[in-house]
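> Following this line is data-v8.txt, made up of compact mmCIF, C-alpha atoms:
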```txt
# COMPACT_ATOMS: atom_id res chain seq x y z
CA MET A 1 38.74 140.85 119.50
CA PHE A 2 38.16 138.29 122.20
CA ARG A 3 40.58 135.94 120.54
CA HIS A 4 43.26 138.64 120.37
CA SER A 5 43.07 139.49 124.03
CA ARG A 6 43.35 135.82 124.93
CA LEU A 7 46.50 135.62 122.85
CA ALA A 8 47.88 138.71 124.56
CA ILE A 9 47.27 137.24 128.00
CA PHE A 10 48.92 134.02 126.94
CA ALA A 11 51.96 135.95 125.70
CA VAL A 12 52.25 137.86 128.95
CA LEU A 13 51.99 134.66 130.98
CA LEU A 14 54.62 133.01 128.84
CA ALA A 15 56.98 135.94 129.28
CA ALA A 16 56.45 135.93 133.03
CA ALA A 17 57.09 132.20 133.20
CA GLY A 18 60.24 132.62 131.14
CA SER A 19 61.78 135.19 133.45
CA ALA A 20 60.85 133.32 136.58
CA LEU A 21 62.24 129.99 135.43
CA ALA A 22 65.34 130.88 133.40
CA ALA A 23 65.50 127.88 131.10
CA PRO A 24 68.96 126.32 130.92
CA ARG A 25 71.01 127.15 127.87
CA PRO A 26 71.06 124.23 125.47
CA LEU A 27 74.38 122.50 124.85
CA ILE A 28 75.81 123.02 121.36
CA ALA A 29 77.47 119.64 121.04
CA ALA A 30 79.34 120.41 117.82
CA LYS A 31 81.20 123.23 119.55
CA SER A 32 81.84 121.44 122.81
CA ARG A 33 84.51 119.01 123.85
CA ILE A 34 85.65 116.96 126.78
CA ASP A 35 89.31 115.93 126.66
CA PHE A 36 91.46 113.83 128.94
CA SER A 37 94.99 112.55 128.91
CA VAL A 38 96.51 109.42 130.33
CA LYS A 39 100.20 109.48 131.10
CA GLU A 40 102.27 106.33 130.51
CA MET A 41 106.02 106.42 131.21
CA GLY A 42 106.07 110.19 130.81
CA VAL A 43 104.04 110.08 127.58
CA SER A 44 100.70 111.89 127.69
CA VAL A 45 98.19 110.15 125.45
CA SER A 46 95.21 112.40 124.82
CA GLY A 47 91.65 111.39 124.08
CA GLN A 48 88.14 112.73 123.96
CA PHE A 49 84.56 111.77 124.56
CA ARG A 50 82.61 112.52 121.44
CA LYS A 51 79.14 112.09 122.91
CA PHE A 52 77.88 113.75 126.04
CA ASP A 53 75.03 115.85 127.24
CA ALA A 54 75.01 118.78 129.64
CA LYS A 55 72.30 120.74 131.35
CA ILE A 56 73.89 123.84 132.74
CA ASP A 57 71.73 126.48 134.26
CA LEU A 58 73.91 129.37 135.32
CA ASP A 59 72.47 132.35 137.13
CA PRO A 60 75.17 135.03 137.15
CA ALA A 61 73.09 137.22 139.45
CA ARG A 62 72.65 134.44 141.99
CA PRO A 63 75.33 131.83 141.36
CA GLU A 64 74.11 129.66 144.25
CA ASN A 65 70.96 129.02 142.26
CA SER A 66 72.96 127.57 139.39
CA THR A 67 73.01 123.89 138.59
CA ALA A 68 75.07 121.71 136.29
CA GLU A 69 74.54 118.18 135.13
CA VAL A 70 76.75 116.38 132.65
CA SER A 71 76.36 112.88 131.30
CA VAL A 72 79.12 111.29 129.21
CA ASP A 73 78.68 108.37 126.85
CA ILE A 74 81.62 106.06 127.72
CA ALA A 75 81.52 104.25 124.38
CA SER A 76 82.23 107.53 122.59
CA LEU A 77 85.80 107.56 123.92
CA THR A 78 88.51 107.98 121.31
CA THR A 79 92.26 108.42 121.48
CA GLY A 80 92.90 107.89 117.78
CA ASP A 81 94.48 104.51 118.54
CA ASN A 82 92.13 101.53 118.14
CA ASP A 83 93.94 99.28 120.63
CA ALA A 84 94.01 101.99 123.27
CA ASP A 85 90.32 102.76 122.69
CA ALA A 86 89.37 99.11 123.06
CA ILE A 87 91.31 98.80 126.34
CA ALA A 88 89.97 102.09 127.74
CA VAL A 89 86.32 101.02 127.53
CA ASP A 90 86.98 97.38 128.42
CA LYS A 91 86.07 95.84 131.78
CA PRO A 92 89.21 96.71 133.82
CA TRP A 93 89.04 100.31 132.66
CA LEU A 94 85.76 102.19 132.08
CA ASN A 95 83.67 99.05 131.51
CA LYS A 96 81.21 100.46 128.99
CA ILE A 97 78.95 97.39 129.11
CA GLU A 98 78.11 97.65 132.80
CA PHE A 99 78.59 101.40 133.16
CA PRO A 100 77.73 103.05 129.84
CA LYS A 101 77.59 106.55 131.32
CA ALA A 102 79.76 108.67 133.55
CA SER A 103 78.02 111.63 135.13
CA PHE A 104 78.49 114.77 137.10
CA LYS A 105 75.78 116.47 139.12
CA SER A 106 76.39 119.67 140.97
CA THR A 107 75.54 119.98 144.64
CA SER A 108 76.51 123.62 145.13
CA VAL A 109 77.77 126.49 143.02
CA LYS A 110 79.68 129.46 144.33
CA GLY A 111 80.41 132.66 142.42
CA LEU A 112 84.10 133.59 142.77
CA ALA A 113 84.20 136.64 140.51
CA ALA A 114 82.56 137.82 137.32
CA ASN A 115 82.40 134.75 135.03
CA ARG A 116 84.17 132.59 137.61
CA TYR A 117 82.47 129.84 139.55
CA GLU A 118 83.35 127.01 141.83
CA VAL A 119 81.14 124.03 141.19
CA ARG A 120 80.98 121.26 143.76
CA GLY A 121 79.31 118.06 142.83
CA THR A 122 79.30 114.33 142.52
CA LEU A 123 81.30 112.62 139.82
CA THR A 124 80.18 109.08 139.08
CA ILE A 125 82.33 106.75 137.01
CA ARG A 126 82.07 102.96 136.91
CA GLY A 127 79.22 103.21 139.42
CA LYS A 128 81.51 104.81 142.01
CA SER A 129 80.83 108.35 143.21
CA ARG A 130 83.24 110.96 144.52
CA GLU A 131 82.77 114.60 145.50
CA ILE A 132 84.83 116.91 143.32
CA VAL A 133 85.33 120.65 142.97
CA VAL A 134 85.46 122.04 139.47
CA PRO A 135 86.54 125.59 138.73
CA LEU A 136 84.37 126.95 135.94
CA ALA A 137 85.03 129.98 133.77
CA THR A 138 82.44 131.42 131.42
CA GLU A 139 83.00 133.62 128.45
CA PRO A 140 80.02 135.26 126.72
CA GLN A 141 80.44 135.07 122.96
CA ALA A 142 79.46 137.74 120.43
CA ASP A 143 76.73 135.50 118.97
CA GLY A 144 74.92 135.22 122.31
CA THR A 145 76.31 131.78 123.15
CA LEU A 146 78.31 131.14 126.27
CA LYS A 147 81.57 129.26 126.51
CA ALA A 148 81.96 127.36 129.76
CA SER A 149 85.33 125.76 130.43
CA GLY A 150 87.33 124.24 133.19
CA ALA A 151 89.60 121.42 134.20
CA PHE A 152 89.89 118.90 136.98
CA SER A 153 91.72 115.70 137.66
CA VAL A 154 90.37 112.20 138.10
CA LYS A 155 92.31 109.68 140.15
CA ARG A 156 91.98 106.28 138.50
CA SER A 157 92.26 104.59 141.87
CA ASP A 158 89.21 106.49 143.21
CA PHE A 159 87.04 104.80 140.61
CA ALA A 160 89.00 101.57 140.15
CA ILE A 161 89.71 102.47 136.53
CA GLY A 162 92.35 100.19 135.05
CA GLY A 163 93.21 97.81 137.88
CA GLY A 164 95.44 94.75 138.06
CA GLU A 165 98.52 94.79 135.85
CA TRP A 166 97.80 98.41 134.90
CA ASN A 167 98.73 99.56 138.38
CA GLU A 168 102.04 97.69 138.49
CA GLY A 169 105.38 99.44 138.25
CA ASP A 170 104.18 103.01 137.72
CA VAL A 171 103.68 102.53 133.99
CA VAL A 172 100.36 104.37 133.89
CA ALA A 173 99.88 107.47 136.06
CA ASP A 174 97.01 107.51 138.55
CA ASP A 175 96.04 111.08 137.76
CA VAL A 176 94.02 111.64 134.62
CA PRO A 177 93.61 115.35 133.84
CA VAL A 178 90.27 116.21 132.27
CA LYS A 179 89.41 119.48 130.61
CA PHE A 180 86.20 120.61 129.05
CA ALA A 181 85.08 123.51 126.88
CA LEU A 182 81.33 123.60 126.37
CA THR A 183 79.40 126.00 124.19
CA LEU A 184 75.96 126.77 125.49
CA GLY A 185 73.29 128.28 123.26
CA ALA A 186 71.67 131.64 123.85
CA ALA A 187 69.45 131.61 126.92
CA ALA A 188 65.79 130.93 126.19
CA PRO A 189 63.76 134.19 126.24
CA MET B 190 144.09 117.54 111.02
CA ALA B 191 143.39 118.10 107.35
CA ALA B 192 141.06 120.85 106.23
CA ALA B 193 137.45 119.78 106.77
CA GLN B 194 136.81 119.30 103.09
CA PRO B 195 134.69 116.45 101.90
CA GLN B 196 136.96 113.78 100.62
CA SER B 197 136.31 110.30 99.44
CA TRP B 198 136.06 107.83 102.30
CA SER B 199 138.51 105.60 100.57
CA ASN B 200 141.03 108.36 99.94
CA PRO B 201 144.29 106.96 101.27
CA ALA B 202 145.92 110.40 101.77
CA SER B 203 147.16 110.79 105.35
CA VAL B 204 144.76 108.31 106.90
CA PRO B 205 145.52 106.13 109.92
CA ALA B 206 145.98 102.39 109.72
CA ALA B 207 143.11 101.55 112.07
CA TYR B 208 139.93 103.05 113.44
CA SER B 209 140.34 105.12 116.59
CA LEU B 210 139.07 103.57 119.81
CA PRO B 211 136.00 105.87 120.06
CA ALA B 212 135.07 105.00 116.48
CA ARG B 213 135.36 101.27 117.17
CA LEU B 214 133.42 101.41 120.43
CA ALA B 215 130.66 103.50 118.88
CA HIS B 216 130.46 101.10 115.93
CA TRP B 217 129.90 98.05 118.15
CA LEU B 218 127.60 99.87 120.51
CA VAL B 219 125.38 100.91 117.61
CA ALA B 220 125.52 97.36 116.22
CA LEU B 221 124.39 95.98 119.58
CA LEU B 222 121.61 98.58 119.98
CA ILE B 223 120.30 97.87 116.47
CA LEU B 224 120.20 94.15 117.18
CA VAL B 225 118.46 94.64 120.54
CA ASN B 226 116.02 97.15 119.13
CA PHE B 227 115.08 94.90 116.25
CA CYS B 228 114.30 92.08 118.68
CA VAL B 229 112.31 94.44 120.92
CA ALA B 230 110.31 95.65 117.91
CA TRP B 231 109.75 92.11 116.66
CA THR B 232 108.33 91.15 120.07
CA MET B 233 106.27 94.24 120.82
CA VAL B 234 104.32 94.63 117.58
CA ASP B 235 102.33 91.45 118.04
CA MET B 236 101.65 91.92 121.75
CA LYS B 237 98.23 92.72 123.10
CA LEU B 238 98.11 96.19 124.64
CA SER B 239 99.43 95.86 128.19
CA PRO B 240 101.83 97.68 130.49
CA ALA B 241 104.56 95.33 129.23
CA LYS B 242 103.83 96.39 125.65
CA LEU B 243 103.94 100.07 126.61
CA LYS B 244 107.31 99.46 128.28
CA LEU B 245 108.74 97.77 125.21
CA PHE B 246 107.48 100.55 122.94
CA ASN B 247 109.11 103.15 125.15
CA TYR B 248 112.36 101.21 125.42
CA HIS B 249 112.33 100.82 121.63
CA LYS B 250 111.92 104.57 121.19
CA TRP B 251 114.64 105.39 123.74
CA ILE B 252 117.08 103.01 122.04
CA GLY B 253 116.17 104.56 118.68
CA VAL B 254 116.90 108.07 119.97
CA THR B 255 120.20 106.78 121.39
CA VAL B 256 121.19 105.28 118.03
CA PHE B 257 120.37 108.59 116.37
CA LEU B 258 122.54 110.50 118.85
CA LEU B 259 125.39 108.02 118.44
CA ALA B 260 125.10 108.36 114.66
CA VAL B 261 125.50 112.14 115.01
CA LEU B 262 128.57 111.59 117.20
CA ARG B 263 130.04 108.99 114.86
CA LEU B 264 129.62 111.17 111.80
CA SER B 265 131.12 114.18 113.60
CA TRP B 266 134.03 112.05 114.83
CA ARG B 267 134.54 110.73 111.34
CA LEU B 268 135.08 114.26 110.04
CA TYR B 269 137.64 114.83 112.80
CA ARG B 270 139.44 111.47 112.58
CA ARG B 271 139.49 110.02 109.11
CA PRO B 272 138.80 106.32 108.87
CA PRO B 273 141.61 104.08 107.60
CA ALA B 274 141.86 103.53 103.86
CA LEU B 275 140.53 100.45 102.17
CA PRO B 276 143.18 97.89 101.09
CA GLU B 277 145.06 98.69 97.90
CA ALA B 278 144.23 95.26 96.57
CA MET B 279 140.51 96.05 96.34
CA ARG B 280 139.11 96.63 92.91
CA ALA B 281 137.63 100.02 92.09
CA TRP B 282 134.06 98.71 91.97
CA GLU B 283 134.52 97.01 95.33
CA LYS B 284 135.72 100.25 96.88
CA ARG B 285 132.81 102.04 95.31
CA ALA B 286 130.34 99.42 96.59
CA ALA B 287 131.81 99.67 100.11
CA GLU B 288 131.51 103.44 100.03
CA ILE B 289 127.88 103.38 98.85
CA THR B 290 126.94 100.76 101.44
CA HIS B 291 128.56 102.74 104.25
CA ARG B 292 126.84 105.94 103.16
CA LEU B 293 123.47 104.19 103.02
CA LEU B 294 124.03 102.65 106.45
CA TYR B 295 124.74 106.09 107.90
CA LEU B 296 121.71 107.51 106.11
CA LEU B 297 119.50 104.81 107.65
CA LEU B 298 120.95 105.40 111.14
CA PHE B 299 119.33 108.82 110.82
CA ALA B 300 116.29 108.02 108.70
CA ILE B 301 114.95 105.09 110.74
CA PRO B 302 114.84 106.91 114.10
CA LEU B 303 113.42 110.00 112.36
CA SER B 304 110.65 107.99 110.70
CA GLY B 305 109.91 106.33 114.04
CA TRP B 306 109.68 109.67 115.80
CA LEU B 307 107.33 111.04 113.12
CA MET B 308 105.16 107.92 113.16
CA SER B 309 104.89 108.09 116.95
CA SER B 310 103.77 111.71 116.77
CA ALA B 311 101.19 110.93 114.08
CA LYS B 312 99.86 108.07 116.21
CA GLY B 313 99.47 110.38 119.20
CA PHE B 314 102.28 108.92 121.31
CA GLN B 315 104.92 111.51 121.94
CA THR B 316 108.52 110.35 122.34
CA VAL B 317 109.76 111.14 125.85
CA TYR B 318 113.43 110.19 126.01
CA LEU B 319 114.12 108.03 129.08
CA GLY B 320 110.66 109.02 130.33
CA LYS B 321 112.00 112.48 131.17
CA LEU B 322 112.91 114.47 128.09
CA PRO B 323 109.95 115.15 125.79
CA ILE B 324 110.92 115.40 122.15
CA PRO B 325 108.50 117.81 120.47
CA ASP B 326 105.94 116.38 118.08
CA LEU B 327 106.55 117.64 114.57
CA LEU B 328 103.28 116.15 113.36
CA GLY B 329 99.81 116.27 114.87
CA LYS B 330 97.70 113.19 115.50
CA ASN B 331 96.69 111.68 112.17
CA ALA B 332 95.87 107.96 111.99
CA ALA B 333 96.27 107.63 108.19
CA LEU B 334 99.63 109.39 108.23
CA GLY B 335 100.65 107.26 111.22
CA ALA B 336 99.90 104.08 109.28
CA ALA B 337 101.82 105.36 106.23
CA LEU B 338 104.84 106.28 108.35
CA THR B 339 104.74 102.86 110.00
CA GLY B 340 105.14 101.43 106.50
CA VAL B 341 108.09 103.73 105.85
CA HIS B 342 109.72 102.84 109.20
CA GLU B 343 109.37 99.11 108.48
CA ALA B 344 110.53 99.34 104.87
CA LEU B 345 113.63 101.30 105.91
CA THR B 346 114.32 98.70 108.60
CA TRP B 347 114.21 95.84 106.06
CA LEU B 348 116.53 97.85 103.84
CA LEU B 349 118.86 98.28 106.84
CA LEU B 350 118.81 94.54 107.55
CA GLY B 351 119.63 93.79 103.92
CA LEU B 352 122.55 96.21 103.95
CA LEU B 353 123.75 94.85 107.30
CA ALA B 354 123.78 91.34 105.85
CA LEU B 355 125.90 92.65 102.99
CA HIS B 356 128.11 94.58 105.46
CA VAL B 357 128.71 91.49 107.62
CA ALA B 358 129.26 89.23 104.62
CA ALA B 359 131.79 91.68 103.17
CA ALA B 360 133.64 91.96 106.50
CA LEU B 361 133.85 88.17 106.75
CA LYS B 362 134.96 87.88 103.14
CA HIS B 363 137.75 90.40 103.80
CA HIS B 364 138.82 88.49 106.88
CA PHE B 365 138.62 84.88 105.73
CA ILE B 366 139.03 85.06 101.97
CA ASP B 367 141.06 88.19 101.25
CA ARG B 368 142.87 87.80 104.59
CA ASP B 369 143.27 91.54 104.98
CA ASP B 370 142.83 93.70 108.08
CA VAL B 371 139.45 95.27 107.21
CA LEU B 372 137.57 93.40 109.96
CA ARG B 373 140.43 93.36 112.45
CA ARG B 374 140.94 97.09 112.44
CA MET B 375 137.32 97.58 113.59
CA LEU B 376 137.53 95.06 116.44
CA PRO B 377 137.35 96.75 119.84
CA TRP B 378 140.48 95.02 121.16
CA THR B 379 142.64 95.92 118.15
CA ARG B 380 145.53 98.25 118.95
CA ALA B 381 145.31 101.43 116.92
```
Show how you would write the structure in this file as structure tokens.

Amino acid sequence: MFRHSRLAIFAVLLAAAGSALAAPRPLIAAKSRIDFSVKEMGVSVSGQFRKFDAKIDLDPARPENSTAEVSVDIASLTTGDNDADAIAVDKPWLNKIEFPKASFKSTSVKGLAANRYEVRGTLTIRGKSREIVVPLATEPQADGTLKASGAFSVKRSDFAIGGGEWNEGDVVADDVPVKFALTLGAAAP
Amino acid sequence: MAAAQPQSWSNPASVPAAYSLPARLAHWLVALLILVNFCVAWTMVDMKLSPAKLKLFNYHKWIGVTVFLLAVLRLSWRLYRRPPALPEAMRAWEKRAAEITHRLLYLLLFAIPLSGWLMSSAKGFQTVYLGKLPIPDLLGKNAALGAALTGVHEALTWLLLGLLALHVAAALKHHFIDRDDVLRRMLPWTRA
């Protein structure tokens, strides 16, 4: 009897804690992707990062309380072309040895409409940080997961990605479009 | 012009004595582009990835597309203006060999650019003609297929080089040994 009531109290406390601190939805990595494309002489060469982590805590009722943090494993870059992959993570480009991670951390989130957000935050690549604005769209899925997607553009010159000969003669475009589609698990109860 | 029926390339019926000027110019232009493109390819494949390598790859692809377009024009022109007949003195098997070689050369003028385009698509590098005109990718990115198509592209190129050696040797033989007008009538400065 005594034991049962203690269990009941514990359950109530747990439930209360859960609603007060909405735990972020876990990232479902297998159903998430981050793609980019680099344009050389009019040719868009696409690639992906296969390994990344995201902690996204969206509060649709109070978007300003939302936070997003993404960390990308630079070495997981792949374009499908071995030479291009080797160059992309080499010192003049993303320099995976000195800067193994690129990251994004939100500083403010604004709700634009239902399932539409504007996320401001700091993007850090190669140890250099820039403020960026990322439009984010969410799409609740039938299985309780949430799809969060958006796109933004990275200027190579802002982060000194691919310097020297790579900036000569307009061979490689400065703008690198990035798009992401993340699947977030059902919110913790 | 005769009815557009397929006829043997060596059929002497109502054919001119020399190649028309457009046919001659297109022949030498294609010859030059093939030579340049082979040298570009030879240089670029062993280069370390760099902006210079990307440039050469793109130039190679643009030249390849140009050769393909010129091959379409040449073949169309050929149906409109018949090429001159081969010399009477040639033996039947020689005429046959010339015809087969010419057909194969035309086939390769199409097949080599096509295989290059497909291999580029499979490797994830779209062909954008002159950096402006994107040619749609028929194949998706697929590294294994890309490697296989590279083999096809190279094998067809070696076949082309072999046939070109035969083509040049035959032209020189006609000119210096048979002393006929087979080479002369293709020269750009020949009067039609």
> Once you count only C-alpha atoms, which residues of chain A turn out to be within 10 Å of chain B? Could you give them as a VMD selection string?
chain A and resid 40 to 47 79 to 84 86 to 87 165 to 172
> Residues as selected, C-alpha atoms, written as a JSON list (two decimals), in the coordinates of the input, can you do that?

```json
[["chain", "number", "residue", "atom", "x", "y", "z"],
["A", 40, "GLU", "CA", 102.27, 106.33, 130.51],
["A", 41, "MET", "CA", 106.02, 106.42, 131.21],
["A", 42, "GLY", "CA", 106.07, 110.19, 130.81],
["A", 43, "VAL", "CA", 104.04, 110.08, 127.58],
["A", 44, "SER", "CA", 100.70, 111.89, 127.69],
["A", 45, "VAL", "CA", 98.19, 110.15, 125.45],
["A", 46, "SER", "CA", 95.21, 112.40, 124.82],
["A", 47, "GLY", "CA", 91.65, 111.39, 124.08],
["A", 79, "THR", "CA", 92.26, 108.42, 121.48],
["A", 80, "GLY", "CA", 92.90, 107.89, 117.78],
["A", 81, "ASP", "CA", 94.48, 104.51, 118.54],
["A", 82, "ASN", "CA", 92.13, 101.53, 118.14],
["A", 83, "ASP", "CA", 93.94, 99.28, 120.63],
["A", 84, "ALA", "CA", 94.01, 101.99, 123.27],
["A", 86, "ALA", "CA", 89.37, 99.11, 123.06],
["A", 87, "ILE", "CA", 91.31, 98.80, 126.34],
["A", 165, "GLU", "CA", 98.52, 94.79, 135.85],
["A", 166, "TRP", "CA", 97.80, 98.41, 134.90],
["A", 167, "ASN", "CA", 98.73, 99.56, 138.38],
["A", 168, "GLU", "CA", 102.04, 97.69, 138.49],
["A", 169, "GLY", "CA", 105.38, 99.44, 138.25],
["A", 170, "ASP", "CA", 104.18, 103.01, 137.72],
["A", 171, "VAL", "CA", 103.68, 102.53, 133.99],
["A", 172, "VAL", "CA", 100.36, 104.37, 133.89]]
```
> What separation in Å, quoted to one decimal, exists between atom CA of Lys51 of chain A and atom CA of Val70 of chain A?
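So the two atoms, atom CA of Lys51 of chain A and atom CA of Val70 of chain A, lie 10.9 Å apart.
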> Report as a list in words all protein, DNA and RNA residues lying within 10 Å of Glu64 of chain A, evaluated on only C-alpha atoms, omitting residues in the same chain fewer than 2 positions from it.
Leu58, Asp59, Pro60, Ala61, Arg62, Ser66, Thr67, Thr107, Ser108, Val109, Lys110, Gly111, Tyr117, Glu118 and Val119 of chain A
> Quick one: residues within 7 Å of Ala212 of chain B, all atoms listed in the file, excluding same-chain residues fewer than 4 positions away - as a count of residues only?
3
> Go ahead and compute the interatomic distance for atom CA of Ala287 of chain B and atom CA of His356 of chain B, in Å to one decimal.
8.3 Å
> Quick one: residues within 7 Å of Asp35 of chain A, only C-alpha atoms, excluding same-chain residues fewer than 3 positions away - as a ChimeraX atom specification?
/A:47-49,178-180
> Between A:Asp175, A:Glu131, A:Asp73, A:Asp57, single out the one closest to Pro24 of chain A, counting only C-alpha atoms.
A:Asp57
> From the list B:Leu259, B:Cys228, B:Val357, B:Leu372, which residue is nearest Leu214 of chain B when using all atoms listed in the file?
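With all atoms listed in the file as the atom set, the closest residue is B:Leu259.
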> Have a look at atom CA of Thr183 of chain A and atom CA of Phe104 of chain A and let me know their distance in Å, one decimal.
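Separating atom CA of Thr183 of chain A from atom CA of Phe104 of chain A is a distance of 17.1 Å.
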> Write out as number ranges by chain the residues lying within 10 Å of Leu303 of chain B, counting all atoms listed in the file and excluding same-chain residues fewer than 6 positions away.
B: 253-254, 257, 297, 309, 342
> Ranking A:Ile34, A:Leu94, A:Ala29, A:Ile132 by minimum distance to Ala181 of chain A and counting all atoms listed in the file, which one comes first?
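Smallest separation from Ala181 of chain A among the options: A:Ile34.
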> So which residues are close to (74.3, 128.1, 126.9), meaning at most 7 Å away in the file's coordinates with all atoms listed in the file counted, and can you show them as a list in words?
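Within 7 Å of (74.3, 128.1, 126.9), the protein and nucleic acid residues are Pro24, Arg25, Pro26, Leu27, Thr145, Leu146, Thr183, Leu184, Gly185, Ala186 and Ala187 of chain A.
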> Could segment 246-266 of chain B be completed with N, CA and C atoms and written as a JSON list (two decimals), in the coordinates of the input, please?

```
[["chain", "number", "residue", "atom", "x", "y", "z"],
["B", 246, "PHE", "N", 107.55, 99.45, 123.92],
["B", 246, "PHE", "CA", 107.48, 100.55, 122.94],
["B", 246, "PHE", "C", 108.36, 101.72, 123.38],
["B", 247, "ASN", "N", 108.29, 102.04, 124.67],
["B", 247, "ASN", "CA", 109.11, 103.15, 125.15],
["B", 247, "ASN", "C", 110.59, 102.83, 125.09],
["B", 248, "TYR", "N", 110.95, 101.59, 125.50],
["B", 248, "TYR", "CA", 112.36, 101.21, 125.42],
["B", 248, "TYR", "C", 112.83, 101.28, 123.96],
["B", 249, "HIS", "N", 111.99, 100.80, 123.06],
["B", 249, "HIS", "CA", 112.33, 100.82, 121.63],
["B", 249, "HIS", "C", 112.62, 102.26, 121.17],
["B", 250, "LYS", "N", 111.75, 103.17, 121.61],
["B", 250, "LYS", "CA", 111.92, 104.57, 121.19],
["B", 250, "LYS", "C", 113.17, 105.19, 121.81],
["B", 251, "TRP", "N", 113.44, 104.85, 123.07],
["B", 251, "TRP", "CA", 114.64, 105.39, 123.74],
["B", 251, "TRP", "C", 115.90, 104.87, 123.05],
["B", 252, "ILE", "N", 115.91, 103.58, 122.72],
["B", 252, "ILE", "CA", 117.08, 103.01, 122.04],
["B", 252, "ILE", "C", 117.24, 103.68, 120.68],
["B", 253, "GLY", "N", 116.12, 103.91, 119.99],
["B", 253, "GLY", "CA", 116.17, 104.56, 118.68],
["B", 253, "GLY", "C", 116.77, 105.95, 118.77],
["B", 254, "VAL", "N", 116.36, 106.71, 119.79],
["B", 254, "VAL", "CA", 116.90, 108.07, 119.97],
["B", 254, "VAL", "C", 118.41, 107.96, 120.25],
["B", 255, "THR", "N", 118.79, 106.96, 121.06],
["B", 255, "THR", "CA", 120.20, 106.78, 121.39],
["B", 255, "THR", "C", 121.02, 106.47, 120.14],
["B", 256, "VAL", "N", 120.48, 105.61, 119.28],
["B", 256, "VAL", "CA", 121.19, 105.28, 118.03],
["B", 256, "VAL", "C", 121.34, 106.55, 117.19],
["B", 257, "PHE", "N", 120.30, 107.34, 117.13],
["B", 257, "PHE", "CA", 120.37, 108.59, 116.37],
["B", 257, "PHE", "C", 121.48, 109.49, 116.91],
["B", 258, "LEU", "N", 121.51, 109.65, 118.25],
["B", 258, "LEU", "CA", 122.54, 110.50, 118.85],
["B", 258, "LEU", "C", 123.94, 109.96, 118.59],
["B", 259, "LEU", "N", 124.08, 108.63, 118.70],
["B", 259, "LEU", "CA", 125.39, 108.02, 118.44],
["B", 259, "LEU", "C", 125.79, 108.19, 116.97],
["B", 260, "ALA", "N", 124.80, 108.16, 116.08],
["B", 260, "ALA", "CA", 125.10, 108.36, 114.66],
["B", 260, "ALA", "C", 125.62, 109.78, 114.42],
["B", 261, "VAL", "N", 125.02, 110.74, 115.12],
["B", 261, "VAL", "CA", 125.50, 112.14, 115.01],
["B", 261, "VAL", "C", 126.94, 112.21, 115.49],
["B", 262, "LEU", "N", 127.21, 111.58, 116.65],
["B", 262, "LEU", "CA", 128.57, 111.59, 117.20],
["B", 262, "LEU", "C", 129.56, 110.91, 116.26],
["B", 263, "ARG", "N", 129.13, 109.75, 115.73],
["B", 263, "ARG", "CA", 130.04, 108.99, 114.86],
["B", 263, "ARG", "C", 130.39, 109.79, 113.61],
["B", 264, "LEU", "N", 129.37, 110.42, 113.04],
["B", 264, "LEU", "CA", 129.62, 111.17, 111.80],
["B", 264, "LEU", "C", 130.51, 112.38, 112.09],
["B", 265, "SER", "N", 130.28, 113.04, 113.23],
["B", 265, "SER", "CA", 131.12, 114.18, 113.60],
["B", 265, "SER", "C", 132.56, 113.71, 113.82],
["B", 266, "TRP", "N", 132.70, 112.60, 114.54],
["B", 266, "TRP", "CA", 134.03, 112.05, 114.83],
["B", 266, "TRP", "C", 134.76, 111.68, 113.55]]
```
